[in-house]
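Listing of input-v5.pdb; format and content: PDB, C-alpha atoms.
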```
ATOM      1  CA  MET P1313      25.996 130.018 -25.728
ATOM      2  CA  ASN P1314      25.301 131.103 -29.312
ATOM      3  CA  SER P1315      23.100 134.145 -29.749
ATOM      4  CA  ALA P1316      22.985 137.127 -32.079
ATOM      5  CA  HIS P1317      22.389 140.704 -30.958
ATOM      6  CA  PRO P1318      21.687 143.204 -33.773
ATOM      7  CA  ILE P1319      23.719 146.400 -33.587
ATOM      8  CA  LYS P1320      22.636 147.864 -36.908
ATOM      9  CA  LYS P1321      20.551 146.331 -39.654
ATOM     10  CA  TYR P1322      23.725 145.426 -41.545
ATOM     11  CA  LEU P1323      25.875 144.394 -38.559
ATOM     12  CA  THR P1324      25.359 141.552 -36.094
ATOM     13  CA  LEU P1325      27.322 140.668 -32.972
ATOM     14  CA  VAL P1326      27.640 136.873 -32.914
ATOM     15  CA  THR P1327      28.785 134.813 -29.938
ATOM     16  CA  SER P1328      30.610 131.640 -30.905
ATOM     17  CA  ASN P1329      32.875 129.529 -28.694
ATOM     18  CA  GLY P1330      33.044 132.310 -26.109
ATOM     19  CA  CYS P1331      34.264 134.883 -28.660
ATOM     20  CA  LEU P1332      32.412 137.883 -30.025
ATOM     21  CA  GLN P1333      32.703 138.538 -33.735
ATOM     22  CA  LEU P1334      31.428 141.400 -35.853
ATOM     23  CA  GLN P1335      29.760 140.087 -38.995
ATOM     24  CA  ASN P1336      27.888 141.513 -41.942
ATOM     25  CA  ALA P1337      24.236 140.415 -41.773
ATOM     26  CA  ALA P1338      24.172 140.035 -45.580
ATOM     27  CA  GLU P1339      27.223 137.714 -45.501
ATOM     28  CA  PRO P1340      26.857 135.617 -42.304
ATOM     29  CA  GLY P1341      30.120 133.660 -42.634
ATOM     30  CA  LYS P1342      32.367 136.666 -43.305
ATOM     31  CA  ARG P1343      34.067 138.477 -40.402
ATOM     32  CA  MET P1344      34.487 142.225 -40.792
ATOM     33  CA  PHE P1345      36.958 143.249 -38.096
ATOM     34  CA  GLY P1346      38.046 139.922 -36.616
ATOM     35  CA  VAL P1347      37.485 138.747 -33.081
ATOM     36  CA  LEU P1348      36.580 141.570 -30.724
ATOM     37  CA  ASN P1349      36.872 139.704 -27.440
ATOM     38  CA  CYS P1350      37.376 136.182 -26.112
ATOM     39  CA  ALA P1351      36.440 134.466 -22.903
ATOM     40  CA  ARG P1352      38.530 135.480 -19.893
ATOM     41  CA  ARG P1353      40.371 132.177 -19.759
ATOM     42  CA  GLU P1354      41.957 132.901 -23.160
ATOM     43  CA  PRO P1355      44.048 135.895 -24.284
ATOM     44  CA  LEU P1356      42.255 138.596 -26.235
ATOM     45  CA  LYS P1357      42.514 137.936 -29.956
ATOM     46  CA  LYS P1358      43.070 141.141 -31.846
ATOM     47  CA  PRO P1359      41.365 142.193 -35.067
ATOM     48  CA  GLU P1360      43.554 141.672 -38.085
ATOM     49  CA  VAL P1361      43.976 145.101 -39.622
ATOM     50  CA  SER P1362      45.770 144.892 -42.949
ATOM     51  CA  GLY P1363      48.510 147.366 -43.851
ATOM     52  CA  VAL P1364      46.191 149.110 -46.311
ATOM     53  CA  MET P1365      43.398 149.267 -43.737
ATOM     54  CA  ALA P1366      45.739 150.543 -41.006
ATOM     55  CA  LYS P1367      46.917 153.407 -43.223
ATOM     56  CA  ALA P1368      43.375 154.303 -44.297
ATOM     57  CA  ASP P1369      41.576 156.807 -42.113
ATOM     58  CA  ILE P1370      38.721 154.571 -40.958
ATOM     59  CA  LYS P1371      35.859 156.560 -39.442
ATOM     60  CA  PRO P1372      33.049 155.081 -37.344
ATOM     61  CA  LYS P1373      29.548 155.086 -38.839
ATOM     62  CA  SER P1374      27.758 155.563 -35.530
ATOM     63  CA  ILE P1375      28.322 155.898 -31.809
ATOM     64  CA  HIS P1376      26.455 155.077 -28.613
ATOM     65  CA  HIS P1377      27.295 154.983 -24.929
ATOM     66  CA  ALA P1378      27.752 151.720 -23.038
ATOM     67  CA  LYS P1379      24.864 150.745 -20.766
ATOM     68  CA  LYS P1380      26.541 147.995 -18.740
ATOM     69  CA  TRP P1381      30.049 146.728 -18.140
ATOM     70  CA  SER P1382      31.592 143.992 -20.297
ATOM     71  CA  ASP P1383      35.102 142.958 -21.322
ATOM     72  CA  ASP P1384      34.745 145.031 -24.510
ATOM     73  CA  VAL P1385      33.617 148.081 -22.533
ATOM     74  CA  GLU P1386      36.595 147.629 -20.193
ATOM     75  CA  ASN P1387      39.067 147.687 -23.090
ATOM     76  CA  LEU P1388      37.296 150.650 -24.727
ATOM     77  CA  TYR P1389      37.529 152.480 -21.388
ATOM     78  CA  ARG P1390      41.290 151.899 -21.338
ATOM     79  CA  PHE P1391      41.782 153.109 -24.929
ATOM     80  CA  GLN P1392      39.655 156.186 -24.283
ATOM     81  CA  GLN P1393      41.554 157.008 -21.076
ATOM     82  CA  ALA P1394      44.734 157.057 -23.176
ATOM     83  CA  GLY P1395      43.109 159.425 -25.692
ATOM     84  CA  TYR P1396      41.962 157.069 -28.480
ATOM     85  CA  ARG P1397      38.496 156.064 -29.720
ATOM     86  CA  ASP P1398      39.310 152.372 -29.730
ATOM     87  CA  GLU P1399      41.875 149.800 -30.801
ATOM     88  CA  ILE P1400      41.501 150.602 -34.501
ATOM     89  CA  GLU P1401      42.418 154.264 -34.009
ATOM     90  CA  TYR P1402      45.280 153.317 -31.647
ATOM     91  CA  LYS P1403      46.772 150.986 -34.273
ATOM     92  CA  GLN P1404      46.403 153.657 -36.974
ATOM     93  CA  VAL P1405      48.028 156.429 -34.941
ATOM     94  CA  LYS P1406      50.805 154.389 -33.328
ATOM     95  CA  GLN P1407      51.265 152.111 -36.370
ATOM     96  CA  VAL P1408      51.496 148.929 -34.298
ATOM     97  CA  ASP P1409      50.210 145.464 -35.146
ATOM     98  CA  MET P1410      49.481 144.213 -31.638
ATOM     99  CA  VAL P1411      48.320 145.764 -28.376
ATOM    100  CA  GLU P1412      49.882 144.325 -25.223
ATOM    101  CA  CYS P1413      47.224 142.481 -23.172
ATOM    102  CA  TRP P1414      47.092 140.509 -19.942
ATOM    103  CA  PRO P1415      46.959 136.813 -20.925
ATOM    104  CA  GLU P1416      44.766 135.892 -17.931
ATOM    105  CA  THR P1417      41.980 138.389 -18.580
ATOM    106  CA  GLY P1418      42.553 139.657 -22.108
ATOM    107  CA  PHE P1419      42.410 143.264 -20.886
ATOM    108  CA  VAL P1420      44.754 145.869 -22.347
ATOM    109  CA  LYS P1421      47.980 145.970 -20.333
ATOM    110  CA  LYS P1422      49.851 149.009 -21.674
ATOM    111  CA  LEU P1423      49.065 151.886 -24.042
ATOM    112  CA  GLN P1424      51.179 154.739 -25.327
ATOM    113  CA  ARG P1425      49.476 158.130 -25.316
ATOM    114  CA  ARG P1426      49.850 160.609 -28.177
ATOM    115  CA  ASP P1427      52.483 162.503 -26.175
ATOM    116  CA  ASN P1428      54.476 159.214 -25.949
ATOM    117  CA  THR P1429      53.932 158.658 -22.221
ATOM    118  CA  PHE P1430      52.602 155.256 -21.194
ATOM    119  CA  TYR P1431      49.498 154.146 -19.314
ATOM    120  CA  TYR P1432      49.828 150.843 -17.454
ATOM    121  CA  TYR P1433      46.696 148.944 -16.451
ATOM    122  CA  ASP P1434      45.951 146.206 -13.904
ATOM    123  CA  LYS P1435      44.787 142.686 -14.701
ATOM    124  CA  GLN P1436      41.472 143.347 -12.978
ATOM    125  CA  ARG P1437      38.595 145.564 -13.967
ATOM    126  CA  GLU P1438      39.326 149.303 -13.731
ATOM    127  CA  CYS P1439      36.151 150.777 -15.224
ATOM    128  CA  GLU P1440      33.818 151.246 -12.266
ATOM    129  CA  ASP P1441      30.038 151.023 -12.693
ATOM    130  CA  LYS P1442      29.702 154.794 -12.307
ATOM    131  CA  GLU P1443      32.093 155.283 -15.271
ATOM    132  CA  VAL P1444      30.464 152.787 -17.680
ATOM    133  CA  HIS P1445      27.961 155.272 -19.156
ATOM    134  CA  LYS P1446      30.880 157.545 -20.185
ATOM    135  CA  VAL P1447      32.416 154.876 -22.459
ATOM    136  CA  LYS P1448      31.693 155.469 -26.135
ATOM    137  CA  VAL P1449      31.068 152.425 -28.339
ATOM    138  CA  TYR P1450      31.814 153.011 -32.017
ATOM    139  CA  VAL P1451      30.249 151.014 -34.859
ATOM    140  CA  TYR P1452      32.158 150.740 -38.121
TER     141      TYR P1452
END
```

Let's see the structure in the file written out as structure tokens.
Amino acid sequence: MNSAHPIKKYLTLVTSNGCLQLQNAAEPGKRMFGVLNCARREPLKKPEVSGVMAKADIKPKSIHHAKKWSDDVENLYRFQQAGYRDEIEYKQVKQVDMVECWPETGFVKKLQRRDNTFYYYDKQRECEDKEVHKVKVYVY
């Protein structure tokens, strides 16, 4: 199932081999932030944020609210419950390379809040349909 869904005129969300990748429309073969999400039968592959990029204060260019549930929306919901925009901000603040995920579903398993307490999440979906519209999706 290969299809492209434009997010912005310079960004395209491309589905390839069950994985979603953020790519620059001007440079189709070049990934910008790595793999965002993989099929449920595989663990979630995390974006590779270099040391320089992790230290830089990366700000999103735009924001919109999720319209329907997806694996990406589920993980964003979990990050936002813990007080972060998304995985990129979590890695910057906590200075970690990897986020612990459930291997069966690829959903985030555990996050550390800013006050150093932990949130633990189930393997199954936790973001109910009535909560989906509250999830903010950031575009970099």

Non-local contacts of Pro1372 in chain P (7 Å; only C-alpha atoms; under 5 positions in same chain excluded) as a list in words: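 Neighbouring residues, sequence-local ones excluded: Tyr1450, Val1451 and Tyr1452 of chain P.
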
Evaluated on this file, the PyMOL selection byres ((chain P and resi 1376) around 8) picks out some residues - which ones are they, written as a PyMOL selection string? chain P and resi 1374-1375+1377-1378+1448-1450

I want to know what sits within 7 Å of range 1390-1399 of chain P, based on all atoms listed in the file, with residues of the same chain fewer than 5 positions away left out; could you give that as a list in words?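 Residues near the query, excluding close chain neighbours: Leu1423, Arg1425 and Tyr1431 of chain P.
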
Using all atoms listed in the file, can you tell me which of P:Asn1387, P:Cys1439, P:Lys1403, P:Lys1379 comes closest to Lys1421 in chain P?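 Closest residue, counting all atoms listed in the file: P:Asn1387.
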
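The interatomic distance for the pair CA of Arg1437 in chain P and CA of Val1411 in chain P works out to 17.4 Å.
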
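The space between CA of Lys1380 in chain P and CA of Asp1441 in chain P spans 7.6 Å.
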
Between CA of Met1410 in chain P and CA of His1445 in chain P, what is the spacing in Å?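 One can read the CA of His1445 in chain P to CA of Met1410 in chain P distance as 27.2 Å.
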
Could you name the residues that touch Glu1401 in chain P at 9 Å or less, counting all atoms listed in the file, but leaving out those on the same chain fewer than 5 positions away, as a PyMOL selection string? chain P and resi 1366+1369-1371+1396+1406

For the selection just defined, write its residues with C-alpha atoms to a file, as a short mmCIF file (atom, residue, chain, number, x, y, z; two decimals), in the coordinates of the input.
```cif
data_model
loop_
_atom_site.label_atom_id
_atom_site.label_comp_id
_atom_site.auth_asym_id
_atom_site.auth_seq_id
_atom_site.Cartn_x
_atom_site.Cartn_y
_atom_site.Cartn_z
CA ALA P 1366 45.74 150.54 -41.01
CA ASP P 1369 41.58 156.81 -42.11
CA ILE P 1370 38.72 154.57 -40.96
CA LYS P 1371 35.86 156.56 -39.44
CA TYR P 1396 41.96 157.07 -28.48
CA LYS P 1406 50.80 154.39 -33.33
#
```
